[in-house]
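Just entry36.pdb here, PDB, C-alpha atoms:
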ATOM      1  CA  MET A   1      34.522 -41.494  20.365
ATOM      2  CA  ALA A   2      36.300 -39.735  17.588
ATOM      3  CA  VAL A   3      34.447 -41.864  15.121
ATOM      4  CA  GLY A   4      31.144 -40.976  16.746
ATOM      5  CA  GLU A   5      31.940 -37.272  16.630
ATOM      6  CA  SER A   6      32.844 -37.453  12.977
ATOM      7  CA  GLN A   7      29.637 -39.314  12.246
ATOM      8  CA  VAL A   8      27.551 -36.746  14.058
ATOM      9  CA  GLY A   9      29.350 -33.890  12.370
ATOM     10  CA  SER A  10      29.019 -35.367   8.911
ATOM     11  CA  GLY A  11      25.359 -36.072   9.453
ATOM     12  CA  SER A  12      24.450 -32.672  10.885
ATOM     13  CA  GLU A  13      26.041 -30.515   8.194
ATOM     14  CA  PRO A  14      23.735 -31.667   5.354
ATOM     15  CA  ALA A  15      20.745 -31.254   7.662
ATOM     16  CA  GLU A  16      21.758 -27.692   8.510
ATOM     17  CA  LYS A  17      22.300 -26.862   4.866
ATOM     18  CA  GLU A  18      18.908 -28.343   3.996
ATOM     19  CA  VAL A  19      17.172 -26.265   6.659
ATOM     20  CA  GLU A  20      19.015 -23.141   5.522
ATOM     21  CA  ALA A  21      18.040 -23.829   1.903
ATOM     22  CA  ARG A  22      14.362 -24.014   2.821
ATOM     23  CA  THR A  23      14.293 -20.829   4.912
ATOM     24  CA  GLY A  24      15.443 -17.227   4.637
ATOM     25  CA  TRP A  25      14.847 -14.433   2.182
ATOM     26  CA  ARG A  26      16.758 -16.139  -0.628
ATOM     27  CA  ASN A  27      14.401 -19.084  -0.581
ATOM     28  CA  THR A  28      11.453 -16.676  -0.469
ATOM     29  CA  LEU A  29      12.692 -14.860  -3.570
ATOM     30  CA  LYS A  30      13.167 -18.171  -5.391
ATOM     31  CA  LYS A  31       9.583 -19.169  -4.640
ATOM     32  CA  ILE A  32       8.265 -15.796  -5.831
ATOM     33  CA  LYS A  33      10.248 -16.066  -9.074
ATOM     34  CA  ARG A  34       8.744 -19.489  -9.752
ATOM     35  CA  ASP A  35       5.197 -18.289  -8.968
ATOM     36  CA  THR A  36       3.712 -16.885 -12.179
ATOM     37  CA  THR A  37       0.904 -14.958 -10.486
ATOM     38  CA  ALA A  38       3.247 -13.397  -7.925
ATOM     39  CA  ARG A  39       5.692 -12.471 -10.664
ATOM     40  CA  TRP A  40       3.022 -10.733 -12.743
ATOM     41  CA  GLY A  41       1.742  -8.980  -9.648
ATOM     42  CA  LEU A  42       5.269  -7.745  -9.002
ATOM     43  CA  TYR A  43       5.487  -6.450 -12.581
ATOM     44  CA  VAL A  44       2.264  -4.463 -12.115
ATOM     45  CA  ILE A  45       3.424  -3.097  -8.750
ATOM     46  CA  GLY A  46       6.797  -2.096 -10.189
ATOM     47  CA  PHE A  47       5.181  -0.242 -13.075
ATOM     48  CA  VAL A  48       2.659   1.531 -10.840
ATOM     49  CA  LEU A  49       5.350   2.525  -8.337
ATOM     50  CA  ALA A  50       7.546   3.873 -11.143
ATOM     51  CA  VAL A  51       4.669   6.019 -12.423
ATOM     52  CA  THR A  52       3.907   7.152  -8.869
ATOM     53  CA  ALA A  53       7.520   8.149  -8.231
ATOM     54  CA  PHE A  54       7.683  10.071 -11.514
ATOM     55  CA  THR A  55       4.489  12.004 -10.796
ATOM     56  CA  LEU A  56       5.500  12.743  -7.203
ATOM     57  CA  VAL A  57       8.809  14.215  -8.327
ATOM     58  CA  ASP A  58       7.294  16.171 -11.206
ATOM     59  CA  SER A  59       4.487  17.637  -9.121
ATOM     60  CA  ASN A  60       6.963  18.866  -6.492
ATOM     61  CA  LEU A  61       9.785  20.132  -8.695
ATOM     62  CA  SER A  62       9.601  23.634  -7.246
ATOM     63  CA  ARG A  63      10.338  22.216  -3.769
ATOM     64  CA  PHE A  64      13.171  20.019  -4.970
ATOM     65  CA  THR A  65      14.791  22.821  -6.999
ATOM     66  CA  PHE A  66      14.018  25.664  -4.557
ATOM     67  CA  GLY A  67      11.713  27.310  -7.075
ATOM     68  CA  ALA A  68      14.138  27.223  -9.990
ATOM     69  CA  ILE A  69      11.816  24.886 -11.933
ATOM     70  CA  SER A  70       8.038  25.011 -11.800
ATOM     71  CA  ASP A  71       5.896  22.012 -10.954
ATOM     72  CA  PHE A  72       4.745  19.699 -13.788
ATOM     73  CA  ALA A  73       7.645  20.847 -15.971
ATOM     74  CA  LEU A  74       8.350  17.276 -17.084
ATOM     75  CA  ALA A  75       4.725  16.735 -18.029
ATOM     76  CA  GLU A  76       4.668  19.817 -20.223
ATOM     77  CA  ALA A  77       7.971  18.812 -21.827
ATOM     78  CA  LEU A  78       6.706  15.374 -22.905
ATOM     79  CA  PRO A  79       4.603  15.226 -26.097
ATOM     80  CA  VAL A  80       1.962  12.861 -24.637
ATOM     81  CA  LEU A  81       1.436  14.724 -21.348
ATOM     82  CA  GLU A  82       0.063  18.107 -20.360
ATOM     83  CA  HIS A  83      -0.352  20.038 -17.132
ATOM     84  CA  PRO A  84      -2.852  17.882 -15.196
ATOM     85  CA  GLU A  85      -4.370  20.736 -13.164
ATOM     86  CA  ARG A  86      -4.336  23.720 -15.520
ATOM     87  CA  LEU A  87      -7.705  24.586 -17.044
ATOM     88  CA  PRO A  88      -7.494  25.348 -20.787
ATOM     89  CA  ALA A  89      -8.831  28.648 -22.076
ATOM     90  CA  PRO A  90     -12.457  28.642 -23.332
ATOM     91  CA  GLY A  91     -12.568  27.166 -26.813
ATOM     92  CA  GLU A  92      -8.967  25.976 -26.656
ATOM     93  CA  ALA A  93      -9.832  22.320 -25.977
ATOM     94  CA  GLU A  94     -12.896  20.175 -26.566
ATOM     95  CA  THR A  95     -14.687  19.006 -23.428
ATOM     96  CA  ASN A  96     -15.777  15.378 -22.933
ATOM     97  CA  GLN A  97     -13.839  14.283 -25.988
ATOM     98  CA  PRO A  98     -13.899  10.465 -26.474
ATOM     99  CA  PRO A  99     -10.698   8.354 -26.674
ATOM    100  CA  MET A 100      -8.622   8.203 -29.849
ATOM    101  CA  PHE A 101     -10.096   4.892 -31.093
ATOM    102  CA  HIS A 102     -13.545   6.487 -31.136
ATOM    103  CA  ALA A 103     -14.847   8.033 -34.364
ATOM    104  CA  ASP A 104     -14.657  11.507 -32.813
ATOM    105  CA  GLY A 105     -11.391  10.887 -30.979
ATOM    106  CA  SER A 106      -8.015  12.532 -31.489
ATOM    107  CA  LEU A 107      -4.414  11.287 -31.269
ATOM    108  CA  SER A 108      -3.472  14.353 -29.259
ATOM    109  CA  ASN A 109      -5.720  13.113 -26.436
ATOM    110  CA  PRO A 110      -5.374   9.292 -26.337
ATOM    111  CA  LEU A 111      -7.998   8.801 -23.622
ATOM    112  CA  GLY A 112     -10.042  11.899 -24.461
ATOM    113  CA  THR A 113     -10.619  14.954 -22.296
ATOM    114  CA  ASP A 114     -12.556  15.593 -19.099
ATOM    115  CA  PRO A 115     -15.542  17.966 -18.706
ATOM    116  CA  ASN A 116     -13.079  20.866 -18.292
ATOM    117  CA  GLY A 117     -11.108  20.038 -21.447
ATOM    118  CA  ARG A 118      -8.031  18.654 -19.671
ATOM    119  CA  ASP A 119      -6.206  15.671 -21.155
ATOM    120  CA  TYR A 120      -7.567  12.525 -19.484
ATOM    121  CA  PHE A 121      -4.453  10.413 -20.056
ATOM    122  CA  THR A 122      -2.378  12.912 -18.091
ATOM    123  CA  ARG A 123      -4.970  12.996 -15.327
ATOM    124  CA  ILE A 124      -4.946   9.183 -15.086
ATOM    125  CA  VAL A 125      -1.135   9.057 -14.930
ATOM    126  CA  TYR A 126      -0.908  11.738 -12.249
ATOM    127  CA  GLY A 127      -3.829  10.196 -10.369
ATOM    128  CA  ALA A 128      -1.428   7.471  -9.243
ATOM    129  CA  GLN A 129       0.422  10.112  -7.224
ATOM    130  CA  VAL A 130      -2.424  10.401  -4.741
ATOM    131  CA  SER A 131      -4.157   7.030  -4.942
ATOM    132  CA  VAL A 132      -1.079   4.793  -4.686
ATOM    133  CA  SER A 133       1.161   6.918  -2.452
ATOM    134  CA  VAL A 134      -1.659   7.618  -0.013
ATOM    135  CA  GLY A 135      -2.620   3.940   0.023
ATOM    136  CA  ILE A 136       0.935   2.868   0.824
ATOM    137  CA  ALA A 137       1.439   5.622   3.409
ATOM    138  CA  ALA A 138      -1.823   4.831   5.224
ATOM    139  CA  THR A 139      -1.064   1.094   5.266
ATOM    140  CA  PHE A 140       2.447   1.774   6.572
ATOM    141  CA  LEU A 141       1.033   3.955   9.355
ATOM    142  CA  GLY A 142      -1.384   1.224  10.403
ATOM    143  CA  LEU A 143       1.375  -1.385  10.140
ATOM    144  CA  VAL A 144       3.782   0.513  12.399
ATOM    145  CA  GLY A 145       1.134   1.413  14.972
ATOM    146  CA  GLY A 146      -0.438  -2.043  15.015
ATOM    147  CA  THR A 147       2.927  -3.812  15.232
ATOM    148  CA  ALA A 148       4.005  -1.696  18.202
ATOM    149  CA  VAL A 149       0.746  -2.178  20.102
ATOM    150  CA  GLY A 150       0.418  -5.888  19.311
ATOM    151  CA  ALA A 151       4.043  -6.706  20.142
ATOM    152  CA  ILE A 152       3.934  -4.932  23.499
ATOM    153  CA  ALA A 153       0.577  -6.445  24.436
ATOM    154  CA  GLY A 154       1.590  -9.970  23.468
ATOM    155  CA  TYR A 155       5.019  -9.857  25.072
ATOM    156  CA  TYR A 156       4.105  -8.445  28.478
ATOM    157  CA  GLY A 157       0.609  -9.893  28.848
ATOM    158  CA  GLY A 158      -1.311  -9.264  32.071
ATOM    159  CA  TRP A 159      -2.915  -5.894  32.652
ATOM    160  CA  ILE A 160      -0.888  -4.281  29.861
ATOM    161  CA  ASP A 161      -2.326  -6.766  27.379
ATOM    162  CA  ASP A 162      -5.862  -6.254  28.719
ATOM    163  CA  MET A 163      -5.649  -2.471  28.599
ATOM    164  CA  LEU A 164      -4.194  -2.261  25.088
ATOM    165  CA  MET A 165      -6.443  -4.899  23.552
ATOM    166  CA  ARG A 166      -9.609  -3.422  25.077
ATOM    167  CA  ALA A 167      -8.673  -0.090  23.503
ATOM    168  CA  ILE A 168      -7.967  -1.860  20.196
ATOM    169  CA  GLU A 169     -11.306  -3.667  20.321
ATOM    170  CA  THR A 170     -13.092  -0.375  20.947
ATOM    171  CA  VAL A 171     -11.604   1.093  17.782
ATOM    172  CA  TYR A 172     -12.220  -2.175  15.906
ATOM    173  CA  ALA A 173     -15.933  -2.063  16.807
ATOM    174  CA  ILE A 174     -16.402   1.188  14.862
ATOM    175  CA  PRO A 175     -17.048   0.690  11.120
ATOM    176  CA  PRO A 176     -13.816   1.763   9.368
ATOM    177  CA  LEU A 177     -15.400   4.090   6.811
ATOM    178  CA  ILE A 178     -17.415   5.927   9.463
ATOM    179  CA  LEU A 179     -14.338   6.235  11.690
ATOM    180  CA  ILE A 180     -12.243   7.611   8.821
ATOM    181  CA  ILE A 181     -14.867  10.143   7.703
ATOM    182  CA  VAL A 182     -15.586  11.380  11.236
ATOM    183  CA  PHE A 183     -11.875  11.692  12.007
ATOM    184  CA  THR A 184     -11.146  13.493   8.730
ATOM    185  CA  VAL A 185     -13.976  15.987   9.146
ATOM    186  CA  PHE A 186     -13.267  16.591  12.837
ATOM    187  CA  VAL A 187      -9.505  17.089  12.505
ATOM    188  CA  SER A 188      -9.698  19.134   9.299
ATOM    189  CA  GLY A 189     -12.350  21.447  10.717
ATOM    190  CA  GLY A 190     -14.767  20.770   7.875
ATOM    191  CA  SER A 191     -12.161  21.202   5.127
ATOM    192  CA  PRO A 192     -11.210  17.640   4.071
ATOM    193  CA  ASP A 193      -7.625  17.063   3.020
ATOM    194  CA  VAL A 194      -5.862  13.944   1.824
ATOM    195  CA  ARG A 195      -3.274  14.237   4.617
ATOM    196  CA  PHE A 196      -5.967  13.774   7.246
ATOM    197  CA  ALA A 197      -7.373  10.873   5.231
ATOM    198  CA  ILE A 198      -3.982   9.122   5.482
ATOM    199  CA  ILE A 199      -3.987   9.415   9.277
ATOM    200  CA  GLY A 200      -7.627   8.345   9.513
ATOM    201  CA  VAL A 201      -7.124   5.236   7.379
ATOM    202  CA  GLY A 202      -3.939   4.368   9.285
ATOM    203  CA  ILE A 203      -5.739   4.578  12.641
ATOM    204  CA  ALA A 204      -8.594   2.434  11.325
ATOM    205  CA  PHE A 205      -6.132  -0.312  10.325
ATOM    206  CA  ILE A 206      -4.127  -0.385  13.575
ATOM    207  CA  PRO A 207      -6.485  -2.874  15.316
ATOM    208  CA  VAL A 208      -6.203  -5.466  12.533
ATOM    209  CA  PHE A 209      -2.406  -5.405  12.476
ATOM    210  CA  ALA A 210      -2.247  -5.399  16.286
ATOM    211  CA  ARG A 211      -4.394  -8.516  16.579
ATOM    212  CA  ILE A 212      -2.394 -10.385  13.936
ATOM    213  CA  ILE A 213       1.025  -9.734  15.438
ATOM    214  CA  ARG A 214      -0.204 -10.267  19.000
ATOM    215  CA  SER A 215      -1.324 -13.794  18.123
ATOM    216  CA  GLU A 216       2.146 -14.501  16.713
ATOM    217  CA  VAL A 217       3.962 -12.951  19.667
ATOM    218  CA  LEU A 218       2.045 -15.112  22.142
ATOM    219  CA  SER A 219       3.693 -18.206  20.662
ATOM    220  CA  VAL A 220       7.108 -16.708  19.875
ATOM    221  CA  ARG A 221       7.653 -15.375  23.410
ATOM    222  CA  GLU A 222       7.627 -18.941  24.765
ATOM    223  CA  MET A 223      10.489 -20.076  22.524
ATOM    224  CA  ASP A 224      13.754 -21.239  24.107
ATOM    225  CA  TYR A 225      15.858 -18.493  22.551
ATOM    226  CA  ILE A 226      13.586 -15.853  24.097
ATOM    227  CA  GLU A 227      13.992 -17.469  27.510
ATOM    228  CA  ALA A 228      17.746 -17.582  26.961
ATOM    229  CA  ALA A 229      17.806 -13.879  26.093
ATOM    230  CA  ARG A 230      15.891 -13.054  29.266
ATOM    231  CA  ALA A 231      18.229 -15.195  31.351
ATOM    232  CA  ALA A 232      21.205 -13.409  29.806
ATOM    233  CA  GLY A 233      19.834 -10.076  30.991
ATOM    234  CA  VAL A 234      18.865  -8.664  27.601
ATOM    235  CA  LYS A 235      16.498  -5.703  27.961
ATOM    236  CA  ASP A 236      12.868  -6.219  27.012
ATOM    237  CA  ARG A 237      13.088  -3.497  24.392
ATOM    238  CA  ASN A 238      15.936  -5.276  22.614
ATOM    239  CA  ILE A 239      14.171  -8.638  22.829
ATOM    240  CA  ILE A 240      11.044  -7.172  21.239
ATOM    241  CA  LEU A 241      12.908  -5.343  18.473
ATOM    242  CA  ARG A 242      15.545  -7.970  17.665
ATOM    243  CA  HIS A 243      13.724 -11.251  18.285
ATOM    244  CA  ILE A 244       9.975 -10.937  18.846
ATOM    245  CA  ILE A 245       8.977  -8.684  15.946
ATOM    246  CA  PRO A 246      11.311 -10.155  13.262
ATOM    247  CA  ASN A 247      10.111 -13.697  14.031
ATOM    248  CA  SER A 248       6.441 -12.672  14.099
ATOM    249  CA  PHE A 249       6.432 -10.390  11.091
ATOM    250  CA  ALA A 250       5.784 -12.788   8.172
ATOM    251  CA  PRO A 251       1.952 -12.916   8.398
ATOM    252  CA  VAL A 252       1.833  -9.175   9.071
ATOM    253  CA  LEU A 253       3.893  -8.482   5.945
ATOM    254  CA  VAL A 254       1.579 -10.639   3.826
ATOM    255  CA  TYR A 255      -1.507  -8.920   5.202
ATOM    256  CA  ALA A 256       0.043  -5.489   4.653
ATOM    257  CA  THR A 257       0.689  -6.306   0.981
ATOM    258  CA  LEU A 258      -2.922  -7.369   0.511
ATOM    259  CA  GLN A 259      -4.161  -4.428   2.569
ATOM    260  CA  ILE A 260      -2.506  -1.869   0.285
ATOM    261  CA  GLY A 261      -5.016  -2.750  -2.419
ATOM    262  CA  VAL A 262      -7.893  -2.373   0.031
ATOM    263  CA  THR A 263      -6.473   0.957   1.197
ATOM    264  CA  ILE A 264      -6.245   2.264  -2.369
ATOM    265  CA  LEU A 265      -9.913   1.368  -2.833
ATOM    266  CA  ILE A 266     -10.883   3.088   0.430
ATOM    267  CA  VAL A 267      -8.908   6.216  -0.458
ATOM    268  CA  ALA A 268     -10.599   6.294  -3.870
ATOM    269  CA  GLY A 269     -13.953   5.946  -2.107
ATOM    270  CA  LEU A 270     -13.126   8.834   0.217
ATOM    271  CA  SER A 271     -12.226  11.032  -2.759
ATOM    272  CA  PHE A 272     -15.418   9.929  -4.502
ATOM    273  CA  LEU A 273     -17.399  11.061  -1.455
ATOM    274  CA  GLY A 274     -15.462  14.337  -1.251
ATOM    275  CA  PHE A 275     -13.371  13.525   1.839
ATOM    276  CA  GLY A 276     -10.065  12.822   0.075
ATOM    277  CA  ALA A 277      -8.160  14.704  -2.607
ATOM    278  CA  GLN A 278      -9.854  17.925  -3.668
ATOM    279  CA  PRO A 279     -10.068  19.385  -7.203
ATOM    280  CA  PRO A 280      -8.057  20.202  -9.235
ATOM    281  CA  THR A 281      -5.672  17.569  -7.797
ATOM    282  CA  PRO A 282      -5.808  14.503 -10.078
ATOM    283  CA  ASP A 283      -7.089  11.460  -8.199
ATOM    284  CA  TRP A 284      -8.818   8.348  -9.481
ATOM    285  CA  GLY A 285     -11.603   8.527  -6.899
ATOM    286  CA  GLU A 286     -12.237  12.220  -7.547
ATOM    287  CA  MET A 287     -12.296  11.514 -11.298
ATOM    288  CA  LEU A 288     -14.978   8.878 -10.732
ATOM    289  CA  ASN A 289     -16.949  11.406  -8.713
ATOM    290  CA  THR A 290     -16.789  13.912 -11.562
ATOM    291  CA  SER A 291     -17.532  11.370 -14.276
ATOM    292  CA  HIS A 292     -20.651   9.775 -12.794
ATOM    293  CA  GLY A 293     -22.729  12.688 -14.077
ATOM    294  CA  TYR A 294     -21.612  11.972 -17.653
ATOM    295  CA  MET A 295     -22.302   8.225 -17.790
ATOM    296  CA  HIS A 296     -24.704   8.564 -20.745
ATOM    297  CA  SER A 297     -22.778  11.137 -22.765
ATOM    298  CA  ASN A 298     -19.235   9.762 -22.219
ATOM    299  CA  VAL A 299     -18.940   6.488 -20.331
ATOM    300  CA  TRP A 300     -15.158   6.421 -20.882
ATOM    301  CA  LEU A 301     -14.716   9.051 -18.194
ATOM    302  CA  SER A 302     -15.693   6.376 -15.651
ATOM    303  CA  ILE A 303     -14.003   3.408 -17.321
ATOM    304  CA  TRP A 304     -10.408   4.700 -17.307
ATOM    305  CA  PRO A 305     -10.040   5.542 -13.571
ATOM    306  CA  GLY A 306     -11.975   2.371 -12.715
ATOM    307  CA  LEU A 307      -9.520   0.294 -14.751
ATOM    308  CA  ALA A 308      -6.556   2.019 -13.119
ATOM    309  CA  ILE A 309      -7.897   1.181  -9.643
ATOM    310  CA  MET A 310      -8.735  -2.415 -10.623
ATOM    311  CA  ILE A 311      -5.335  -3.164 -12.200
ATOM    312  CA  THR A 312      -3.417  -1.650  -9.277
ATOM    313  CA  ILE A 313      -5.401  -3.603  -6.685
ATOM    314  CA  MET A 314      -5.052  -6.783  -8.738
ATOM    315  CA  GLY A 315      -1.253  -6.370  -8.813
ATOM    316  CA  PHE A 316      -0.985  -6.066  -5.024
ATOM    317  CA  ASN A 317      -3.381  -8.987  -4.477
ATOM    318  CA  LEU A 318      -1.498 -11.280  -6.862
ATOM    319  CA  PHE A 319       1.823 -10.451  -5.253
ATOM    320  CA  GLY A 320       0.349 -10.812  -1.759
ATOM    321  CA  ASP A 321      -0.968 -14.302  -2.534
ATOM    322  CA  GLY A 322       2.406 -15.350  -3.915
ATOM    323  CA  LEU A 323       4.208 -13.870  -0.921
ATOM    324  CA  GLN A 324       1.932 -15.789   1.431
ATOM    325  CA  ASP A 325       2.822 -19.077  -0.259
ATOM    326  CA  ALA A 326       6.523 -18.182  -0.318
ATOM    327  CA  LEU A 327       6.615 -17.438   3.409
ATOM    328  CA  ASP A 328       4.646 -20.545   4.363
ATOM    329  CA  PRO A 329       7.182 -23.117   5.676
ATOM    330  CA  ARG A 330       4.682 -25.929   5.111
ATOM    331  CA  ILE A 331       4.927 -25.460   1.331
ATOM    332  CA  ASN A 332       8.074 -27.159   0.102
ATOM    333  CA  ASP A 333       9.987 -26.479  -3.092
TER
END
Represent the structure contained in this file as structure tokens.
Amino acid sequence: MAVGESQVGSGSEPAEKEVEARTGWRNTLKKIKRDTTARWGLYVIGFVLAVTAFTLVDSNLSRFTFGAISDFALAEALPVLEHPERLPAPGEAETNQPPMFHADGSLSNPLGTDPNGRDYFTRIVYGAQVSVSVGIAATFLGLVGGTAVGAIAGYYGGWIDDMLMRAIETVYAIPPLILIIVFTVFVSGGSPDVRFAIIGVGIAFIPVFARIIRSEVLSVREMDYIEAARAAGVKDRNIILRHIIPNSFAPVLVYATLQIGVTILIVAGLSFLGFGAQPPTPDWGEMLNTSHGYMHSNVWLSIWPGLAIMITIMGFNLFGDGLQDALDPRIND
């Protein structure tokens, strides 16, 4: 019997180590590092987030320093940046100036100037503050709301599931853009603001996240360890938070990463239509709205914010695809 126990023990340890090596966050990071597309997507995301953090801090310096330092102080201190919202005096700056590689360009304005004479490079850099931060915040709001609704509906089932999912399907039946615009206009009282756009986009995304996590919860709740937790008297709230959601979260996390890019595009579209960030706040969508009237005289005004949106979305999509492969247990090393 002792021999049998030693044989079982010696045979089970390698199996456990093999399972542990193929699962967990360490294995996920190894897969992402080996995935070239995911790695490049992560580089783009890291750069964009660094720019976003810098612009957020610089544009709110007066709040952080209790008014001791004015906003955009860092921008005015750097040689390549200027105040992104301040209008230059008449005749002080050339309007619609082309980028520096153009025959009429200037090194002082690498990407040219906008119709008001403001430096376009600075506007593009500070446009990340709204476009990226709002996209992440709106996706996070939809993720939290959808995860809560989907986890509760899938875990309890019955009339609770029916009631919550019918409400989710009602919201899901409304076209997202129409829902966001109507909500933004109604809540803001006719004065659109980017804060209301964040809430509107988050509400529009709750149904998608709820349906994804509900489908995962329906299978996870039947697992043996869930039954054991119930038999041990663990409260439903603790089971949902400690077992159900963590073991159902992988596909939701992948979708959220991909959805950030979609959200950035939607937020840019809202600003383009006039329901997002308002002038003079720098925003890529608002810059596209301003530049479409100058397509023939200065096409670069449309190219630069369009490139910024495209590169940012591409980074999140590349990383999301790599994360999906890394979290898929069917794909071996």
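With only C-alpha atoms as the atoms that count, the minimum distance from Gly285 of chain A to the choices A:Asn247, A:Ser131, A:Thr65, A:Asn298 is reached by A:Ser131.
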Given the file shown, determine the residues that the PyMOL selection byres ((chain A and resi 210) around 12) selects; report them as a PyMOL selection string.
-> chain A and resi 142-154+161+164-169+171-172+203-209+211-217+245+248-249+251-252+255-256
Please save C-alpha atoms of the selected residues as a compact mmCIF listing (two decimals), in the frame of the given file.
# COMPACT_ATOMS: atom_id res chain seq x y z
CA GLY A 142 -1.38 1.22 10.40
CA LEU A 143 1.38 -1.38 10.14
CA VAL A 144 3.78 0.51 12.40
CA GLY A 145 1.13 1.41 14.97
CA GLY A 146 -0.44 -2.04 15.02
CA THR A 147 2.93 -3.81 15.23
CA ALA A 148 4.00 -1.70 18.20
CA VAL A 149 0.75 -2.18 20.10
CA GLY A 150 0.42 -5.89 19.31
CA ALA A 151 4.04 -6.71 20.14
CA ILE A 152 3.93 -4.93 23.50
CA ALA A 153 0.58 -6.44 24.44
CA GLY A 154 1.59 -9.97 23.47
CA ASP A 161 -2.33 -6.77 27.38
CA LEU A 164 -4.19 -2.26 25.09
CA MET A 165 -6.44 -4.90 23.55
CA ARG A 166 -9.61 -3.42 25.08
CA ALA A 167 -8.67 -0.09 23.50
CA ILE A 168 -7.97 -1.86 20.20
CA GLU A 169 -11.31 -3.67 20.32
CA VAL A 171 -11.60 1.09 17.78
CA TYR A 172 -12.22 -2.17 15.91
CA ILE A 203 -5.74 4.58 12.64
CA ALA A 204 -8.59 2.43 11.32
CA PHE A 205 -6.13 -0.31 10.32
CA ILE A 206 -4.13 -0.38 13.58
CA PRO A 207 -6.48 -2.87 15.32
CA VAL A 208 -6.20 -5.47 12.53
CA PHE A 209 -2.41 -5.40 12.48
CA ARG A 211 -4.39 -8.52 16.58
CA ILE A 212 -2.39 -10.38 13.94
CA ILE A 213 1.02 -9.73 15.44
CA ARG A 214 -0.20 -10.27 19.00
CA SER A 215 -1.32 -13.79 18.12
CA GLU A 216 2.15 -14.50 16.71
CA VAL A 217 3.96 -12.95 19.67
CA ILE A 245 8.98 -8.68 15.95
CA SER A 248 6.44 -12.67 14.10
CA PHE A 249 6.43 -10.39 11.09
CA PRO A 251 1.95 -12.92 8.40
CA VAL A 252 1.83 -9.18 9.07
CA TYR A 255 -1.51 -8.92 5.20
CA ALA A 256 0.04 -5.49 4.65
Find the residues around segment 198-200 of chain A up to 7 Å (only C-alpha atoms counted), leave out those fewer than 2 positions away in its own chain, and share them as a ChimeraX atom specification.
-> /A:134,137-138,180,183-184,194-196,202-204
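Residue nearest Gly112 of chain A, chosen from A:Leu141, A:Leu318, A:Trp300, A:Ile181 and counting all atoms listed in the file: A:Trp300.
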Selected residue of minimal separation from Val132 of chain A among A:Pro99, A:Gly46, A:Gly67, A:Gly157, counting all atoms listed in the file | A:Gly46
Given the file shown, enumerate the residues that the PyMOL selection byres ((chain A and resi 263) around 9) captures and present them as number ranges by chain.
-> A: 131-132, 134-136, 138-139, 201, 259-262, 264-268
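Remark: residues at most 9 Å from position (-7.9, 11.7, -6.8) in file coordinates are Tyr126, Gly127, Ala128, Gln129, Val130, Ser131, Val267, Ala268, Ser271, Phe272, Gly276, Ala277, Gln278, Pro279, Pro280, Thr281, Pro282, Asp283, Trp284, Gly285, Glu286, Met287 and Leu288 of chain A, using only C-alpha atoms.
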What does the PyMOL selection byres ((chain A and resi 324) around 9) select in this file, as a PyMOL selection string?
-> chain A and resi 250-251+253-255+319-323+325-328
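Comparing the minimum interatomic distances between Leu273 of chain A and each of A:Asp224, A:Ser219, A:Pro192, A:Ile303, counting all atoms listed in the file, we find that A:Pro192 sits nearest.
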